[in-house]
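Containing CSV, C-alpha atoms: upload.csv.
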```csv
chain,number,residue,atom,x,y,z
A,505,MET,CA,-12.2,54.3,61.4
A,506,GLY,CA,-14.9,54.7,58.7
A,507,LEU,CA,-18.6,54.1,58.6
A,508,THR,CA,-20.5,52.1,61.2
A,509,ILE,CA,-24.1,51.1,61.7
A,510,GLY,CA,-26.2,52.0,64.7
A,511,VAL,CA,-29.2,49.9,65.6
A,512,ASP,CA,-32.2,51.3,67.6
A,513,ILE,CA,-34.6,48.6,68.9
A,514,GLY,CA,-38.0,50.2,69.3
A,515,GLY,CA,-41.4,48.8,70.4
A,516,THR,CA,-42.8,48.8,66.9
A,517,LYS,CA,-39.7,49.0,64.6
A,518,ILE,CA,-36.0,48.3,64.5
A,519,ALA,CA,-34.0,50.9,62.7
A,520,ALA,CA,-30.5,50.6,61.5
A,521,GLY,CA,-28.6,53.6,60.2
A,522,VAL,CA,-25.2,54.1,58.5
A,523,VAL,CA,-23.4,56.8,60.5
A,524,ASP,CA,-20.1,58.6,59.6
A,525,GLU,CA,-17.5,59.8,62.0
A,526,GLU,CA,-19.1,63.3,62.3
A,527,GLY,CA,-22.4,61.7,63.5
A,528,ASN,CA,-24.3,62.2,60.2
A,529,ILE,CA,-26.8,59.5,59.3
A,530,LEU,CA,-26.2,58.6,55.7
A,531,SER,CA,-29.0,56.1,55.2
A,532,THR,CA,-31.5,54.0,57.3
A,533,TYR,CA,-33.3,50.7,57.0
A,534,LYS,CA,-36.3,49.8,59.1
A,535,VAL,CA,-38.1,46.5,59.8
A,536,PRO,CA,-41.1,45.8,62.1
A,537,THR,CA,-40.2,44.7,65.6
A,538,PRO,CA,-41.4,41.0,66.0
A,539,GLY,CA,-42.8,39.5,69.1
A,540,THR,CA,-40.3,36.8,70.1
A,541,PRO,CA,-36.7,37.2,71.3
A,542,GLU,CA,-35.2,35.0,68.5
A,543,ALA,CA,-37.3,36.7,65.9
A,544,ILE,CA,-35.9,40.1,67.1
A,545,VAL,CA,-32.3,38.8,66.6
A,546,ASP,CA,-33.3,37.9,63.0
A,547,ALA,CA,-34.9,41.3,62.5
A,548,ILE,CA,-31.8,43.1,63.8
A,549,ALA,CA,-29.7,41.1,61.3
A,550,SER,CA,-32.1,42.0,58.5
A,551,ALA,CA,-32.0,45.7,59.4
A,552,VAL,CA,-28.2,45.7,59.5
A,553,GLU,CA,-28.0,43.9,56.1
A,554,GLY,CA,-30.4,46.3,54.6
A,555,ALA,CA,-28.5,49.4,55.8
A,556,HIS,CA,-25.2,47.8,54.9
A,557,ALA,CA,-26.0,47.6,51.2
A,558,GLY,CA,-23.9,50.0,49.2
A,559,HIS,CA,-21.6,51.0,52.1
A,560,GLU,CA,-18.3,49.9,53.4
A,561,ILE,CA,-19.0,49.2,57.1
A,562,VAL,CA,-16.4,48.5,59.8
A,563,GLY,CA,-18.7,47.7,62.8
A,564,VAL,CA,-22.2,47.7,64.3
A,565,GLY,CA,-23.4,49.2,67.6
A,566,ILE,CA,-26.7,48.0,69.0
A,567,GLY,CA,-28.7,50.0,71.6
A,568,ALA,CA,-30.6,47.6,73.8
A,569,ALA,CA,-33.0,48.5,76.6
A,570,GLY,CA,-31.7,46.5,79.5
A,571,TYR,CA,-28.7,45.6,81.6
A,572,VAL,CA,-25.7,45.0,79.3
A,573,ASN,CA,-22.5,43.5,80.6
A,574,ARG,CA,-19.2,45.4,80.7
A,575,GLN,CA,-17.8,43.5,77.8
A,576,ARG,CA,-20.6,44.9,75.6
A,577,SER,CA,-21.7,41.5,74.5
A,578,THR,CA,-24.5,40.0,76.6
A,579,VAL,CA,-27.8,41.4,77.7
A,580,TYR,CA,-28.2,40.3,81.3
A,581,PHE,CA,-31.8,41.3,81.5
A,582,ALA,CA,-34.2,43.2,79.3
A,583,PRO,CA,-37.5,44.4,80.8
A,584,ASN,CA,-39.5,44.5,77.5
A,585,ILE,CA,-38.0,41.5,75.7
A,586,ASP,CA,-37.6,38.1,77.2
A,587,TRP,CA,-33.8,38.2,77.1
A,588,ARG,CA,-32.0,36.7,80.1
A,589,GLN,CA,-28.2,36.3,79.7
A,590,GLU,CA,-28.7,36.8,76.0
A,591,PRO,CA,-25.4,36.5,74.0
A,592,LEU,CA,-26.6,39.2,71.5
A,593,LYS,CA,-23.2,40.2,70.2
A,594,GLU,CA,-22.3,36.6,69.3
A,595,LYS,CA,-25.7,35.9,67.6
A,596,VAL,CA,-25.7,39.1,65.5
A,597,GLU,CA,-22.1,38.8,64.5
A,598,ALA,CA,-22.7,35.2,63.2
A,599,ARG,CA,-25.5,36.6,61.0
A,600,VAL,CA,-24.0,39.8,59.6
A,601,GLY,CA,-20.2,39.0,59.5
A,602,LEU,CA,-19.2,42.3,61.1
A,603,PRO,CA,-17.8,43.3,64.6
A,604,VAL,CA,-20.7,44.0,66.9
A,605,VAL,CA,-20.9,45.8,70.2
A,606,VAL,CA,-24.0,46.0,72.4
A,607,GLU,CA,-24.7,49.1,74.5
A,608,ASN,CA,-27.5,50.0,76.9
A,609,ASP,CA,-29.8,52.2,74.8
A,610,ALA,CA,-29.8,55.1,77.3
A,611,ASN,CA,-26.0,55.0,77.4
A,612,ALA,CA,-25.9,55.1,73.6
A,613,ALA,CA,-28.3,58.1,73.5
A,614,ALA,CA,-26.2,59.9,76.2
A,615,TRP,CA,-23.0,59.3,74.2
A,616,GLY,CA,-24.7,60.6,71.0
A,617,GLU,CA,-25.7,63.8,72.8
A,618,TYR,CA,-22.3,64.2,74.4
A,619,LYS,CA,-20.3,63.7,71.2
A,620,PHE,CA,-22.6,65.3,68.6
A,621,GLY,CA,-25.4,67.2,70.3
A,622,ALA,CA,-26.0,69.3,73.4
A,623,GLY,CA,-22.9,68.0,75.2
A,624,LYS,CA,-20.3,69.2,72.7
A,625,GLY,CA,-17.6,71.2,74.6
A,626,HIS,CA,-18.3,69.5,77.9
A,627,ARG,CA,-16.0,66.9,79.5
A,628,ASN,CA,-18.4,65.9,82.4
A,629,VAL,CA,-22.1,65.6,81.7
A,630,ILE,CA,-25.0,63.6,83.1
A,631,CYS,CA,-27.8,62.7,80.7
A,632,ILE,CA,-31.3,61.8,81.7
A,633,THR,CA,-34.1,60.7,79.4
A,634,LEU,CA,-37.6,61.6,80.5
A,635,GLY,CA,-39.9,59.4,78.5
A,636,THR,CA,-42.3,56.7,79.4
A,637,GLY,CA,-39.7,55.8,82.0
A,638,LEU,CA,-36.5,57.5,83.1
A,639,GLY,CA,-33.0,56.5,82.0
A,640,GLY,CA,-29.6,58.1,81.7
A,641,GLY,CA,-25.9,58.0,81.1
A,642,ILE,CA,-22.7,59.2,82.7
A,643,ILE,CA,-19.8,60.8,80.9
A,644,ILE,CA,-16.9,61.8,83.1
A,645,GLY,CA,-13.5,62.8,81.7
A,646,ASN,CA,-14.8,62.4,78.2
A,647,LYS,CA,-15.5,58.7,78.8
A,648,LEU,CA,-18.8,56.8,79.1
A,649,ARG,CA,-18.9,55.3,82.6
A,650,ARG,CA,-20.6,51.9,82.6
A,651,GLY,CA,-19.6,50.7,86.1
A,652,HIS,CA,-17.7,47.6,87.1
A,653,PHE,CA,-20.4,45.2,85.8
A,654,GLY,CA,-21.6,47.5,83.0
A,655,VAL,CA,-25.0,48.4,84.5
A,656,ALA,CA,-24.4,51.9,85.9
A,657,ALA,CA,-26.7,54.9,85.4
A,658,GLU,CA,-30.0,53.1,85.9
A,659,PHE,CA,-31.2,56.4,87.4
A,660,GLY,CA,-34.8,55.6,87.0
A,661,HIS,CA,-34.6,53.0,89.7
A,662,ILE,CA,-33.0,55.1,92.4
A,663,ARG,CA,-35.4,54.9,95.3
A,664,MET,CA,-36.6,58.4,95.9
A,665,VAL,CA,-39.5,57.5,98.3
A,666,PRO,CA,-39.1,54.7,100.9
A,667,ASP,CA,-42.1,52.3,100.5
A,668,GLY,CA,-43.4,54.5,97.7
A,669,LEU,CA,-45.2,53.7,94.5
A,670,LEU,CA,-44.7,50.2,93.1
A,671,CYS,CA,-42.4,50.2,90.1
A,672,GLY,CA,-42.3,47.8,87.2
A,673,CYS,CA,-38.9,46.7,88.3
A,674,GLY,CA,-40.4,45.2,91.5
A,675,SER,CA,-39.1,47.9,93.9
A,676,GLN,CA,-41.0,50.7,95.4
A,677,GLY,CA,-40.5,54.5,95.2
A,678,CYS,CA,-38.3,54.6,92.2
A,679,TRP,CA,-37.5,57.9,90.7
A,680,GLU,CA,-39.2,57.1,87.4
A,681,GLN,CA,-42.5,56.7,89.2
A,682,TYR,CA,-42.4,60.4,90.0
A,683,ALA,CA,-40.5,61.9,87.0
A,684,SER,CA,-41.6,60.4,83.7
A,685,GLY,CA,-44.3,60.5,81.1
A,686,ARG,CA,-46.3,57.9,83.1
A,687,ALA,CA,-46.0,60.0,86.2
A,688,LEU,CA,-47.1,63.2,84.3
A,689,VAL,CA,-50.3,61.5,83.1
A,690,ARG,CA,-51.0,60.2,86.6
A,691,TYR,CA,-50.6,63.6,88.1
A,692,ALA,CA,-53.0,65.1,85.5
A,693,LYS,CA,-55.7,62.5,86.0
A,694,GLN,CA,-55.6,62.8,89.8
A,695,ARG,CA,-55.8,66.6,89.7
A,696,ALA,CA,-58.5,66.6,87.0
A,697,ASN,CA,-60.6,64.2,89.1
A,698,ALA,CA,-60.2,66.3,92.2
A,699,THR,CA,-60.8,69.7,90.6
A,700,PRO,CA,-62.5,69.3,87.2
A,701,GLU,CA,-63.4,73.0,87.1
A,702,SER,CA,-59.6,73.7,86.9
A,703,ALA,CA,-59.1,71.3,84.0
A,704,GLU,CA,-61.7,72.4,81.4
A,705,VAL,CA,-59.2,72.8,78.6
A,706,LEU,CA,-57.5,69.6,79.5
A,707,LEU,CA,-60.7,67.5,79.7
A,708,GLY,CA,-62.0,69.0,76.5
A,709,LEU,CA,-59.0,67.7,74.6
A,710,GLY,CA,-59.9,64.1,75.5
A,711,ASP,CA,-63.2,62.4,76.0
A,712,GLY,CA,-64.2,64.7,78.8
A,713,THR,CA,-63.2,62.4,81.6
A,714,PRO,CA,-60.0,62.2,83.7
A,715,ASP,CA,-59.4,58.6,82.4
A,716,GLY,CA,-59.3,59.9,78.8
A,717,ILE,CA,-56.3,62.2,79.5
A,718,GLU,CA,-53.2,61.4,77.4
A,719,GLY,CA,-49.7,62.9,77.5
A,720,LYS,CA,-50.3,65.0,74.3
A,721,HIS,CA,-53.4,66.5,75.9
A,722,ILE,CA,-51.4,67.7,78.9
A,723,SER,CA,-48.8,69.5,76.7
A,724,MET,CA,-51.5,71.2,74.6
A,725,ALA,CA,-53.5,72.2,77.6
A,726,ALA,CA,-50.5,73.6,79.5
A,727,ARG,CA,-49.6,75.8,76.5
A,728,GLN,CA,-53.1,77.2,76.8
A,729,GLY,CA,-52.7,77.9,80.5
A,730,ASP,CA,-54.9,75.1,81.8
A,731,PRO,CA,-54.2,75.2,85.6
A,732,VAL,CA,-54.2,71.4,86.1
A,733,ALA,CA,-51.9,70.8,83.1
A,734,VAL,CA,-49.5,73.5,84.3
A,735,ASP,CA,-49.5,72.2,87.9
A,736,SER,CA,-48.9,68.6,86.6
A,737,TYR,CA,-45.7,69.7,84.8
A,738,ARG,CA,-44.6,71.5,88.0
A,739,GLU,CA,-45.0,68.4,90.0
A,740,LEU,CA,-43.0,66.4,87.5
A,741,ALA,CA,-40.4,69.1,87.5
A,742,ARG,CA,-40.2,69.1,91.3
A,743,TRP,CA,-39.2,65.5,91.3
A,744,ALA,CA,-36.9,65.7,88.3
A,745,GLY,CA,-35.0,68.7,89.7
A,746,ALA,CA,-34.7,67.1,93.2
A,747,GLY,CA,-33.2,64.0,91.5
A,748,LEU,CA,-30.7,66.1,89.5
A,749,ALA,CA,-29.6,67.8,92.8
A,750,ASP,CA,-28.8,64.3,94.2
A,751,LEU,CA,-26.9,63.4,91.1
A,752,ALA,CA,-24.9,66.7,91.3
A,753,SER,CA,-23.8,65.6,94.8
A,754,LEU,CA,-22.5,62.4,93.3
A,755,PHE,CA,-21.0,63.5,90.0
A,756,ASP,CA,-20.6,67.3,90.0
A,757,PRO,CA,-21.1,67.6,86.2
A,758,SER,CA,-20.8,70.8,84.2
A,759,ALA,CA,-24.2,70.1,82.6
A,760,PHE,CA,-27.3,68.0,82.8
A,761,ILE,CA,-28.7,67.1,79.4
A,762,VAL,CA,-32.4,66.3,79.5
A,763,GLY,CA,-33.6,64.1,76.6
A,764,GLY,CA,-36.6,61.8,76.0
A,765,GLY,CA,-40.0,62.7,74.7
A,766,LEU,CA,-40.7,65.2,77.5
A,767,SER,CA,-37.7,67.3,76.6
A,768,ASP,CA,-39.5,68.1,73.3
A,769,GLU,CA,-41.7,70.5,75.4
A,770,GLY,CA,-38.7,72.8,75.8
A,771,GLU,CA,-38.9,75.5,78.5
A,772,LEU,CA,-42.4,74.3,79.5
A,773,VAL,CA,-40.6,71.5,81.3
A,774,LEU,CA,-37.0,72.7,81.5
A,775,ASP,CA,-37.6,76.0,83.3
A,776,PRO,CA,-39.4,74.4,86.3
A,777,ILE,CA,-36.8,71.6,86.4
A,778,ARG,CA,-34.0,74.2,86.7
A,779,LYS,CA,-35.8,76.0,89.5
A,780,SER,CA,-36.4,72.7,91.4
A,781,TYR,CA,-32.8,71.7,90.9
A,782,LYS,CA,-31.5,74.9,92.3
A,783,ARG,CA,-34.0,74.7,95.2
A,784,TRP,CA,-32.7,71.3,96.3
A,785,LEU,CA,-29.0,71.6,95.4
A,786,VAL,CA,-27.0,71.6,98.6
A,787,GLY,CA,-25.2,74.9,99.0
A,788,GLY,CA,-26.8,76.1,95.8
A,789,ASN,CA,-26.5,79.8,96.7
A,790,TRP,CA,-22.7,79.6,97.1
A,791,ARG,CA,-21.5,77.0,94.6
A,792,PRO,CA,-21.3,76.8,90.8
A,793,VAL,CA,-24.5,75.4,89.3
A,794,ALA,CA,-24.5,73.0,86.4
A,795,ASP,CA,-26.4,74.0,83.3
A,796,VAL,CA,-29.7,72.1,82.6
A,797,ILE,CA,-30.1,71.9,78.9
A,798,ALA,CA,-32.3,70.2,76.3
A,799,ALA,CA,-31.0,67.4,74.2
A,800,GLU,CA,-30.6,68.2,70.5
A,801,LEU,CA,-30.6,65.0,68.6
A,802,GLY,CA,-34.1,63.8,69.5
A,803,ASN,CA,-34.8,60.2,68.6
A,804,LYS,CA,-31.6,60.0,66.5
A,805,ALA,CA,-29.4,60.1,69.6
A,806,GLY,CA,-29.5,56.4,70.3
A,807,MET,CA,-28.7,55.3,66.7
A,808,VAL,CA,-25.9,57.9,66.4
A,809,GLY,CA,-24.4,57.1,69.8
A,810,ALA,CA,-24.5,53.3,69.3
A,811,ALA,CA,-22.8,53.7,65.9
A,812,ASP,CA,-20.1,55.8,67.3
A,813,LEU,CA,-19.5,53.6,70.3
A,814,ALA,CA,-18.8,50.7,67.9
A,815,ARG,CA,-15.6,52.7,67.1
A,816,GLU,CA,-14.6,53.0,70.7
A,817,PRO,CA,-12.0,50.7,72.2
A,818,ASP,CA,-13.1,47.8,74.4
A,819,PRO,CA,-13.7,49.4,77.8
A,820,ILE,CA,-12.2,46.3,79.5
A,821,MET,CA,-8.8,47.1,78.0
```

Since I need it in another form, could you write the structure as structure tokens?
Amino acid sequence: MGLTIGVDIGGTKIAAGVVDEEGNILSTYKVPTPGTPEAIVDAIASAVEGAHAGHEIVGVGIGAAGYVNRQRSTVYFAPNIDWRQEPLKEKVEARVGLPVVVENDANAAAWGEYKFGAGKGHRNVICITLGTGLGGGIIIGNKLRRGHFGVAAEFGHIRMVPDGLLCGCGSQGCWEQYASGRALVRYAKQRANATPESAEVLLGLGDGTPDGIEGKHISMAARQGDPVAVDSYRELARWAGAGLADLASLFDPSAFIVGGGLSDEGELVLDPIRKSYKRWLVGGNWRPVADVIAAELGNKAGMVGAADLAREPDPIM
């Protein structure tokens, strides 16, 4: 179908990239992310227009963090932007003069990994993104499964612990409160406060206090064998693997693809996740076990996936 543009809406910048049918990014154009919903629509249009220059474009895919309707046109709700029933497709199309589809950003990243990254060769994969929060996507039978209303795969808000930790969504005990970048930092601070003698390396990388611990410090300290940092990763992995075991009972995929910022740590996080997954998988000693593999596209996955999904037929049809 030709070249399409994928748009990635980040907290500090909005990036638009021209992507070919093999998933290659040919050029990008970035603009700062403004502070108001209407200004963000303007910024998306500016980024698309900047990327469009010099290319023949057949469509635009936008990855939006939030609940997107099945028609790929309206953002029902976005947690970090004041979009409520936002007709994003209509507004951007009016500005750029190209067909536009709107996708949930985690779905877009999952599709990018399935089509062009770690998921190549698989028909049935579940993707999870372990970043500040926890997101995901479902590909079954080579198709992205959005659910009847378009808002499936909000894995981070599966309730893992009844009456557990309060989540930003308003519920309690959500999975992302126990398996995410925020959770990792919380584990490290709690452990460093309880046993500072076991966190000498970790504390030394910050300001010397548990409150000064940041995610990058935990990674660096764990690679140096700091007991608190290593144990914090194990706790994160325990919850992540248990959640994958539950998803295996639902979807029975051939592979789980783990993306997001935490996946950049490679085997430091993946190996204990695999062990926890096998520990909690029902019948795990007697049944086939899905691979747990790292994502390959990094922060390009959302842009590439959104661009490619702009070529996909309307899922309503």

Could you give me, as a tab-separated table, a per-residue list for region 600-663 of chain A showing, wherever an atom lies at most 12 Å from an atom of region 741-748 of chain A, the closest pair of atoms and their distance in Å to one decimal, using all atoms listed in the file and sorting by chain then residue number from low to high?
```
residue	atom	partner	partner_atom	distance
A:Val629	CA	A:Leu748	CA	11.6
A:Ile630	CA	A:Leu748	CA	8.9
A:Cys631	CA	A:Leu748	CA	9.9
A:Ile632	CA	A:Leu748	CA	8.9
A:Thr633	CA	A:Ala744	CA	10.6
A:Leu634	CA	A:Ala744	CA	8.8
A:Leu638	CA	A:Ala744	CA	9.7
A:Gly639	CA	A:Ala744	CA	11.8
A:Gly640	CA	A:Leu748	CA	11.2
A:Phe659	CA	A:Gly747	CA	8.9
A:Gly660	CA	A:Gly747	CA	9.7
A:His661	CA	A:Gly747	CA	11.2
A:Ile662	CA	A:Gly747	CA	8.9
A:Arg663	CA	A:Gly747	CA	10.1
```

message = Set the distance at 6 Å and use all atoms listed in the file: which residues neighbour region 544-552 of chain A once local chain neighbours fewer than 5 positions away are removed? I'd like the list as a ChimeraX atom specification.
response = /A:520,533-534,538

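Restricting the calculation to all atoms listed in the file, the smallest distance between Gly635 (chain A) and any of A:Ser675, A:Asn789, A:Asn584, A:Ser767 is found for A:Ser767.
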
key: Atom-to-atom span, CA of Gly645 (chain A) and CA of Leu785 (chain A), Å   = 22.5 Å

How close does region 642-714 of chain A get to region 565-582 of chain A? List, as CSV, each residue of region 642-714 of chain A within 8 Å, its nearest atom pair and the distance in Å to one decimal, counting all atoms listed in the file.
```
residue,atom,partner,partner_atom,distance
A:Arg650,CA,A:Arg574,CA,6.9
A:Gly651,CA,A:Arg574,CA,7.6
A:His652,CA,A:Arg574,CA,6.9
A:Phe653,CA,A:Arg574,CA,5.2
A:Gly654,CA,A:Arg574,CA,3.9
A:Val655,CA,A:Tyr571,CA,5.5
```

ask   = For Ile717 (chain A), which residue among A:Arg783, A:His556, A:Arg686, A:Arg588 is the nearest when counting all atoms listed in the file?
value =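 Checking each candidate against Ile717 (chain A), we get A:Arg686 as the closest.
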
query = How many Å separate CA of Gln681 (chain A) from CA of Tyr618 (chain A)?
reply =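 For CA of Gln681 (chain A) relative to CA of Tyr618 (chain A), the distance reads 26.1 Å.
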
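Counting from CA of Glu597 (chain A), the distance to CA of Val564 (chain A) is 8.9 Å.
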
query = Any idea what's packed within 7 Å of Ala610 (chain A), counting only C-alpha atoms, ignoring anything in its chain fewer than 2 positions away? Could you give it as an MDAnalysis selection string?
reply = chainID A and resid 608 612:614 639:641

query = So which one's closest to Ala656 (chain A), A:Ile561, A:Cys678, A:Ile642, A:Ile529? Using all atoms listed in the file, please.
reply =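 Residue with the minimum atom-to-atom distance to Ala656 (chain A): A:Ile642.
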